[in-house]
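Student: Below is the file structure_18.json, with JSON, C-alpha atoms.
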[["chain", "number", "residue", "atom", "x", "y", "z"],
["A", 22, "ALA", "CA", 63.66, 34.19, 71.38],
["A", 23, "GLU", "CA", 64.55, 30.69, 70.11],
["A", 24, "LEU", "CA", 61.68, 30.73, 67.61],
["A", 25, "VAL", "CA", 63.96, 29.42, 64.84],
["A", 26, "PHE", "CA", 66.86, 27.01, 65.18],
["A", 27, "GLN", "CA", 69.83, 26.83, 62.82],
["A", 28, "ARG", "CA", 71.37, 23.52, 61.84],
["A", 29, "GLY", "CA", 74.69, 23.45, 60.07],
["A", 30, "VAL", "CA", 77.03, 26.20, 59.00],
["A", 31, "PRO", "CA", 76.06, 28.88, 56.47],
["A", 32, "PRO", "CA", 75.68, 28.82, 53.53],
["A", 33, "HIS", "CA", 74.59, 25.19, 53.95],
["A", 34, "SER", "CA", 72.43, 25.82, 57.00],
["A", 35, "THR", "CA", 68.86, 24.74, 57.42],
["A", 36, "TYR", "CA", 66.42, 26.42, 59.75],
["A", 37, "ILE", "CA", 63.67, 24.82, 61.78],
["A", 38, "PHE", "CA", 60.83, 26.68, 63.45],
["A", 39, "LYS", "CA", 60.13, 25.87, 67.07],
["A", 40, "HIS", "CA", 56.45, 25.43, 66.25],
["A", 41, "SER", "CA", 54.57, 25.00, 62.98],
["A", 42, "MET", "CA", 52.22, 27.86, 63.87],
["A", 43, "ILE", "CA", 55.18, 30.25, 64.01],
["A", 44, "GLN", "CA", 56.23, 29.00, 60.60],
["A", 45, "GLU", "CA", 52.70, 29.57, 59.25],
["A", 46, "VAL", "CA", 52.54, 33.12, 60.64],
["A", 47, "ALA", "CA", 55.93, 33.92, 59.09],
["A", 48, "TYR", "CA", 54.77, 32.47, 55.75],
["A", 49, "GLN", "CA", 51.48, 34.37, 55.80],
["A", 50, "SER", "CA", 53.26, 37.62, 56.62],
["A", 51, "LEU", "CA", 55.01, 37.55, 53.24],
["A", 52, "LEU", "CA", 53.38, 39.30, 50.30],
["A", 53, "LYS", "CA", 51.65, 36.84, 47.99],
["A", 54, "SER", "CA", 53.97, 37.82, 45.13],
["A", 55, "THR", "CA", 57.01, 37.14, 47.33],
["A", 56, "ARG", "CA", 55.65, 33.73, 48.35],
["A", 57, "GLN", "CA", 55.04, 32.91, 44.69],
["A", 58, "GLN", "CA", 58.60, 33.90, 43.79],
["A", 59, "TYR", "CA", 59.99, 31.65, 46.52],
["A", 60, "HIS", "CA", 57.85, 28.71, 45.39],
["A", 61, "LEU", "CA", 58.99, 29.21, 41.80],
["A", 62, "LYS", "CA", 62.66, 29.32, 42.83],
["A", 63, "ILE", "CA", 62.24, 26.17, 44.90],
["A", 64, "ALA", "CA", 60.49, 24.32, 42.07],
["A", 65, "ARG", "CA", 63.15, 25.29, 39.54],
["A", 66, "GLU", "CA", 65.95, 24.21, 41.86],
["A", 67, "MET", "CA", 64.19, 20.93, 42.61],
["A", 68, "GLU", "CA", 63.79, 20.24, 38.89],
["A", 69, "LYS", "CA", 67.57, 20.12, 38.64],
["A", 70, "GLN", "CA", 67.54, 17.06, 40.93],
["A", 71, "SER", "CA", 66.27, 14.14, 38.87],
["A", 72, "GLU", "CA", 65.68, 11.99, 41.96],
["A", 73, "THR", "CA", 63.11, 14.52, 43.21],
["A", 74, "THR", "CA", 61.34, 14.95, 39.88],
["A", 75, "ASP", "CA", 61.20, 11.18, 39.37],
["A", 76, "ALA", "CA", 60.17, 10.05, 42.87],
["A", 77, "HIS", "CA", 58.29, 13.11, 44.19],
["A", 78, "PRO", "CA", 56.61, 14.99, 41.35],
["A", 79, "GLU", "CA", 53.80, 15.98, 43.74],
["A", 80, "ILE", "CA", 56.23, 18.28, 45.58],
["A", 81, "LEU", "CA", 57.06, 20.11, 42.37],
["A", 82, "ALA", "CA", 53.36, 20.22, 41.49],
["A", 83, "GLN", "CA", 52.57, 21.88, 44.82],
["A", 84, "HIS", "CA", 55.34, 24.45, 44.44],
["A", 85, "TYR", "CA", 54.29, 25.28, 40.88],
["A", 86, "SER", "CA", 50.65, 25.57, 42.03],
["A", 87, "ASN", "CA", 51.66, 27.93, 44.83],
["A", 88, "ALA", "CA", 53.82, 29.90, 42.39],
["A", 89, "GLY", "CA", 50.85, 30.40, 40.07],
["A", 90, "HIS", "CA", 52.52, 28.44, 37.25],
["A", 91, "TYR", "CA", 49.51, 26.25, 36.59],
["A", 92, "GLU", "CA", 50.61, 24.60, 33.34],
["A", 93, "GLN", "CA", 53.71, 23.17, 34.99],
["A", 94, "ALA", "CA", 51.63, 22.27, 38.06],
["A", 95, "VAL", "CA", 49.15, 20.30, 35.94],
["A", 96, "ASP", "CA", 52.00, 18.46, 34.24],
["A", 97, "TYR", "CA", 53.56, 17.49, 37.57],
["A", 98, "TRP", "CA", 50.19, 16.49, 39.09],
["A", 99, "ARG", "CA", 49.74, 14.18, 36.07],
["A", 100, "LYS", "CA", 53.23, 12.75, 36.60],
["A", 101, "ALA", "CA", 52.50, 12.31, 40.31],
["A", 102, "GLY", "CA", 49.28, 10.46, 39.49],
["A", 103, "ASN", "CA", 51.06, 8.16, 37.05],
["A", 104, "TYR", "CA", 53.86, 7.54, 39.54],
["A", 105, "ALA", "CA", 51.37, 6.66, 42.28],
["A", 106, "MET", "CA", 49.60, 4.26, 39.91],
["A", 107, "ASP", "CA", 52.95, 2.62, 39.12],
["A", 108, "GLN", "CA", 53.46, 2.24, 42.89],
["A", 109, "SER", "CA", 50.03, 0.56, 43.25],
["A", 110, "ALA", "CA", 48.60, 3.51, 45.18],
["A", 111, "PRO", "CA", 45.34, 4.30, 43.34],
["A", 112, "ASN", "CA", 43.89, 6.47, 46.12],
["A", 113, "GLN", "CA", 46.98, 8.66, 46.10],
["A", 114, "ALA", "CA", 46.93, 8.71, 42.29],
["A", 115, "LEU", "CA", 43.32, 9.91, 42.35],
["A", 116, "ALA", "CA", 44.16, 12.69, 44.79],
["A", 117, "HIS", "CA", 47.04, 13.91, 42.62],
["A", 118, "LEU", "CA", 45.02, 13.72, 39.42],
["A", 119, "GLN", "CA", 42.10, 15.57, 41.03],
["A", 120, "SER", "CA", 44.51, 18.32, 42.08],
["A", 121, "GLY", "CA", 45.70, 18.58, 38.50],
["A", 122, "LEU", "CA", 42.14, 18.73, 37.24],
["A", 123, "GLU", "CA", 41.37, 21.55, 39.69],
["A", 124, "GLU", "CA", 44.45, 23.49, 38.53],
["A", 125, "LEU", "CA", 43.15, 23.36, 34.97],
["A", 126, "ASN", "CA", 40.44, 25.81, 36.08],
["A", 127, "ASN", "CA", 43.20, 28.42, 36.41],
["A", 128, "LEU", "CA", 44.17, 28.11, 32.75],
["A", 129, "PRO", "CA", 42.43, 30.06, 29.99],
["A", 130, "ASP", "CA", 39.95, 28.25, 27.77],
["A", 131, "SER", "CA", 41.83, 26.73, 24.86],
["A", 132, "GLU", "CA", 42.17, 23.56, 22.83],
["A", 133, "GLU", "CA", 45.24, 22.67, 24.90],
["A", 134, "ARG", "CA", 43.31, 23.02, 28.16],
["A", 135, "THR", "CA", 40.49, 20.86, 26.76],
["A", 136, "ARG", "CA", 43.05, 18.23, 25.68],
["A", 137, "LEU", "CA", 44.66, 18.26, 29.15],
["A", 138, "GLU", "CA", 41.27, 18.01, 30.84],
["A", 139, "LEU", "CA", 40.33, 14.98, 28.74],
["A", 140, "GLN", "CA", 43.69, 13.40, 29.51],
["A", 141, "MET", "CA", 43.28, 13.98, 33.26],
["A", 142, "LYS", "CA", 39.72, 12.64, 33.28],
["A", 143, "THR", "CA", 40.84, 9.53, 31.39],
["A", 144, "LEU", "CA", 43.61, 8.94, 33.93],
["A", 145, "ILE", "CA", 41.15, 9.49, 36.81],
["A", 146, "THR", "CA", 38.80, 6.90, 35.32],
["A", 147, "GLY", "CA", 41.68, 4.43, 35.06],
["A", 148, "ALA", "CA", 42.78, 5.08, 38.63],
["A", 149, "SER", "CA", 39.20, 4.73, 39.91],
["A", 150, "LYS", "CA", 38.95, 1.29, 38.35],
["A", 151, "LYS", "CA", 42.10, 0.18, 40.19],
["A", 152, "LYS", "CA", 40.87, 1.25, 43.63],
["A", 153, "PRO", "CA", 40.34, -1.61, 46.06],
["A", 154, "GLY", "CA", 36.77, -2.83, 45.88],
["A", 155, "ASN", "CA", 36.27, -1.71, 42.27],
["A", 156, "SER", "CA", 36.25, -4.18, 39.46]]
What would the structure in this file look like if it were written as structure tokens?

Tutor:
Amino acid sequence: AELVFQRGVPPHSTYIFKHSMIQEVAYQSLLKSTRQQYHLKIAREMEKQSETTDAHPEILAQHYSNAGHYEQAVDYWRKAGNYAMDQSAPNQALAHLQSGLEELNNLPDSEERTRLELQMKTLITGASKKKPGNS
């Protein structure tokens, strides 16, 4: 039906959906636990590639969030926020840090969670001060 196109030769093939809605329907048809397993596998494989973890921590954060591994997600959202700040992108940094702060709600109440929350809020305050128009 030409809904999915193969590029390359297996096992190094990649597959592209004809339309993003078809991709979304296929994704939603998976059991949540299966989707989480796939996201976890992807995140762990990506961690092996230092160029991805260094330059795109937000991708790992998203995969860990979708996998339900919130502690790792928070850590990568923090890294993504710091990386964005280093790249002089305070709006992007704020978005990443806010995502990390939201993921903290999925962690049980503990001293560690409180420490992480304080750390994230401190980083958010710093990023807010660097936004254009703020002094």

Student: With all atoms listed in the file as the basis for distance, which of A:Gln119, A:Thr55, A:Gln49, A:Thr74 is at the shortest distance from Thr146 of chain A?

Tutor: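 Of A:Gln119, A:Thr55, A:Gln49, A:Thr74, the one nearest Thr146 of chain A is A:Gln119, counting all atoms listed in the file.
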
Student: Find the spatial neighbours of Asn112 of chain A, counting only C-alpha atoms, within a cut-off of 10 Å - ignore same-chain residues fewer than 3 positions away - and output them as a PyMOL selection string.

Tutor: chain A and resi 102+105-106+109+115-118+148-149+151-153

Student: Expressed in Å to a single decimal, how great is the separation between atom CA of Leu61 of chain A and atom CA of Asp96 of chain A?

Tutor: 14.9 Å

Student: For Lys142 of chain A, which of A:His84, A:Arg28, A:His33, A:Arg99 is the closest residue, counting only C-alpha atoms?

Tutor: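 Using only C-alpha atoms, Lys142 of chain A sits closest to A:Arg99.
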
Student: What are the centre and the three edge lengths of an axis-aligned box that wraps all atoms of segment 78-85 of chain A in the file, given that 3 Å is added to every side, written as lines of an AutoDock Vina configuration file and rounded to one decimal in Å?

Tutor:
center_x = 54.8
center_y = 20.1
center_z = 43.2
size_x = 10.5
size_y = 16.3
size_z = 10.7

Student: Tell me which of A:Ile80, A:Leu122, A:Met67, A:Val25 sits closest to Thr135 of chain A, counting only C-alpha atoms.

Tutor: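 Closest to Thr135 of chain A, using only C-alpha atoms: A:Leu122.
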
Student: Expressed in Å to a single decimal, how great is the separation between atom CA of Glu72 of chain A and atom CA of Gln140 of chain A?

Tutor: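 That distance, rounded to one decimal, is 25.3 Å.
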
Student: For Leu81 of chain A, which of A:Tyr36, A:Leu137, A:Gln93, A:Ser50 is the closest residue, counting all atoms listed in the file?

Tutor: A:Gln93

Student: Which residue gives the smallest distance to Asp75 of chain A among A:His90, A:Lys62, A:Lys100, A:Arg56, with only C-alpha atoms counted?

Tutor: A:Lys100

Student: Within 12 Å of Ala47 of chain A, counting all atoms listed in the file, which residues show up once you throw out same-chain ones fewer than 4 positions away? Write them as a PyMOL selection string, please.

Tutor: chain A and resi 24-25+38+40-43+51-52+56

Student: Atom CA of Pro78 of chain A and atom CA of Asp130 of chain A are how many Å apart?

Tutor: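 Interatomic distance here is 25.3 Å.
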
Student: Any idea what's packed within 10 Å of Glu138 of chain A, counting only C-alpha atoms, ignoring anything in its chain fewer than 4 positions away? Could you give it as a list of chain:residue names?

Tutor: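 So, after excluding close chain neighbours, the residues are A:Val95, A:Gly121, A:Leu122, A:Glu123, A:Glu124, A:Leu125, A:Asn126, A:Glu132, A:Glu133, A:Arg134, A:Lys142, A:Thr143, A:Leu144.
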
Student: Using all atoms listed in the file, which of the listed residues (A:Ser120, A:Gln44, A:Gln27, A:Asn127) sits closest to Gln83 of chain A?

Tutor: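 Nearest candidate to Gln83 of chain A out of A:Ser120, A:Gln44, A:Gln27, A:Asn127: A:Ser120.
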